[in-house]
Amino acid sequence: MTQRWILFAVLGIFIIALGVKSCAEQKRAGQLLRENERLIRENRDLRNSLTLSSRNAQQIADRKDLQVQAQAQFVDRREYYRRNWKQYISVNTGDYKTGFLGGIKDLKITVRNQTEYPLDNAVVAVQYLRGNGNVFKTEQYTVHNIPEKGTGSVQASNSRKGTKVNIVLVSVTSQPMNFCWSKDKRVAPGDQDPFACVPAK
């Protein structure tokens with residue numbers, strides 16, 4: 001009987017010890033769980049804060065870009081077109097007719113303006129060529145008020161001689177673009193913007 005009580009006592013002590021240990025482990029697990037939740041919240045808050053900061057920084061950069069573009073629209077863009085005008089302004093002829101023994105008729109001269117500014121006028125020289133390539137005569141025509149991103153045309157006079165024509169731009173003027181170019185204009189060495197009607201101060 002005594003041995004049985006001893007066994008029960010030992011078993012009770014063991015059960016109590018297990019209960020105490022389990023309680024301690026549950027308490028520690030609860031602490032770890034709370035700590036983990038706190039770290040998750042902090043990480044989420046930090047991520048949200050970084051996202052907000054990045055978004056604000058991007059908005060500030062976008063506003064600065066818009067300001068730069070707005071400032072460049074009236075100054076740098078005009079200068080860009082002046083420097084690179086050959087890429088945006090061109091002249092060509094339509095399909096003209098030639099006579100059996102020579103002669104040119106139905107000659108139309110078209111100036112194409114691909115800049116964002118209208119051209120006041122463009123002067124074009126038309127060379128009427130003989131069959132051997134020699135120039136029979138040269139006439140000049142002025143095309144007025146060529147719109148931005150558009151074209152302007154003029155009808156050339158007929159010629160009783162000549163088998164083909166050669167066209168050359170002589171000058172182009174655009175006050176809105178502050179652009180004054182001519183074929184004979186001399187460019188000073190080192191001048192980065194030589195075709196401005198009114199040089200920048």
# chains A, B, ... in the order shown; residues from 1 in each chain; ligands from 1
>>> residues_around(residues="Met177 in chain A", least_positions_apart="4", cutoff="9 Å", atoms="only C-alpha atoms", output="list in words")
Phe74, Arg77, Arg78, Glu79, Tyr81, Arg82, Glu116, Tyr117, Pro118, Leu119, Thr173, Ala196 and Cys197 of chain A
>>> closest_residue(among="A:Ser174, A:Ala125, A:Gly30, A:Asp45", to="Thr142 in chain A", atoms="only C-alpha atoms")
A:Ala125
>>> select_by_dssp(residues="range 125-183 of chain A", states="strand (DSSP E)", output="PyMOL selection string")
chain A and resi 125-129+135-146+150-155+164-174+179-182
>>> residues_around(residues="range 182-190 of chain A", least_positions_apart="2", cutoff="7 Å", atoms="only C-alpha atoms", output="VMD selection string")
chain A and resid 170 to 172 180 192 194
>>> residues_around(residues="Asp95 in chain A", least_positions_apart="5", cutoff="10 Å", atoms="only C-alpha atoms", output="PDB file with C-alpha atoms, in the first residue's frame")
ATOM      1  CA  LYS A 105       4.638  73.247-117.185  1.00  0.00           C
ATOM      2  CA  ASP A 106       2.357  72.525-114.200  1.00  0.00           C
ATOM      3  CA  LEU A 107       5.279  72.987-111.806  1.00  0.00           C
ATOM      4  CA  LYS A 108       4.188  73.321-108.172  1.00  0.00           C
TER       5      LYS A 108
END
>>> closest_residue(among="A:Gln114, A:Thr51, A:Asn43, A:Pro147", to="Asn84 in chain A", atoms="only C-alpha atoms")
A:Gln114
>>> atom_distance(atom1="CA of Val165 in chain A", atom2="CA of Val111 in chain A")
15.8 Å
>>> closest_residue(among="A:Asn113, A:Ile89, A:Lys149, A:Asn166", to="Val135 in chain A", atoms="only C-alpha atoms")
A:Asn166
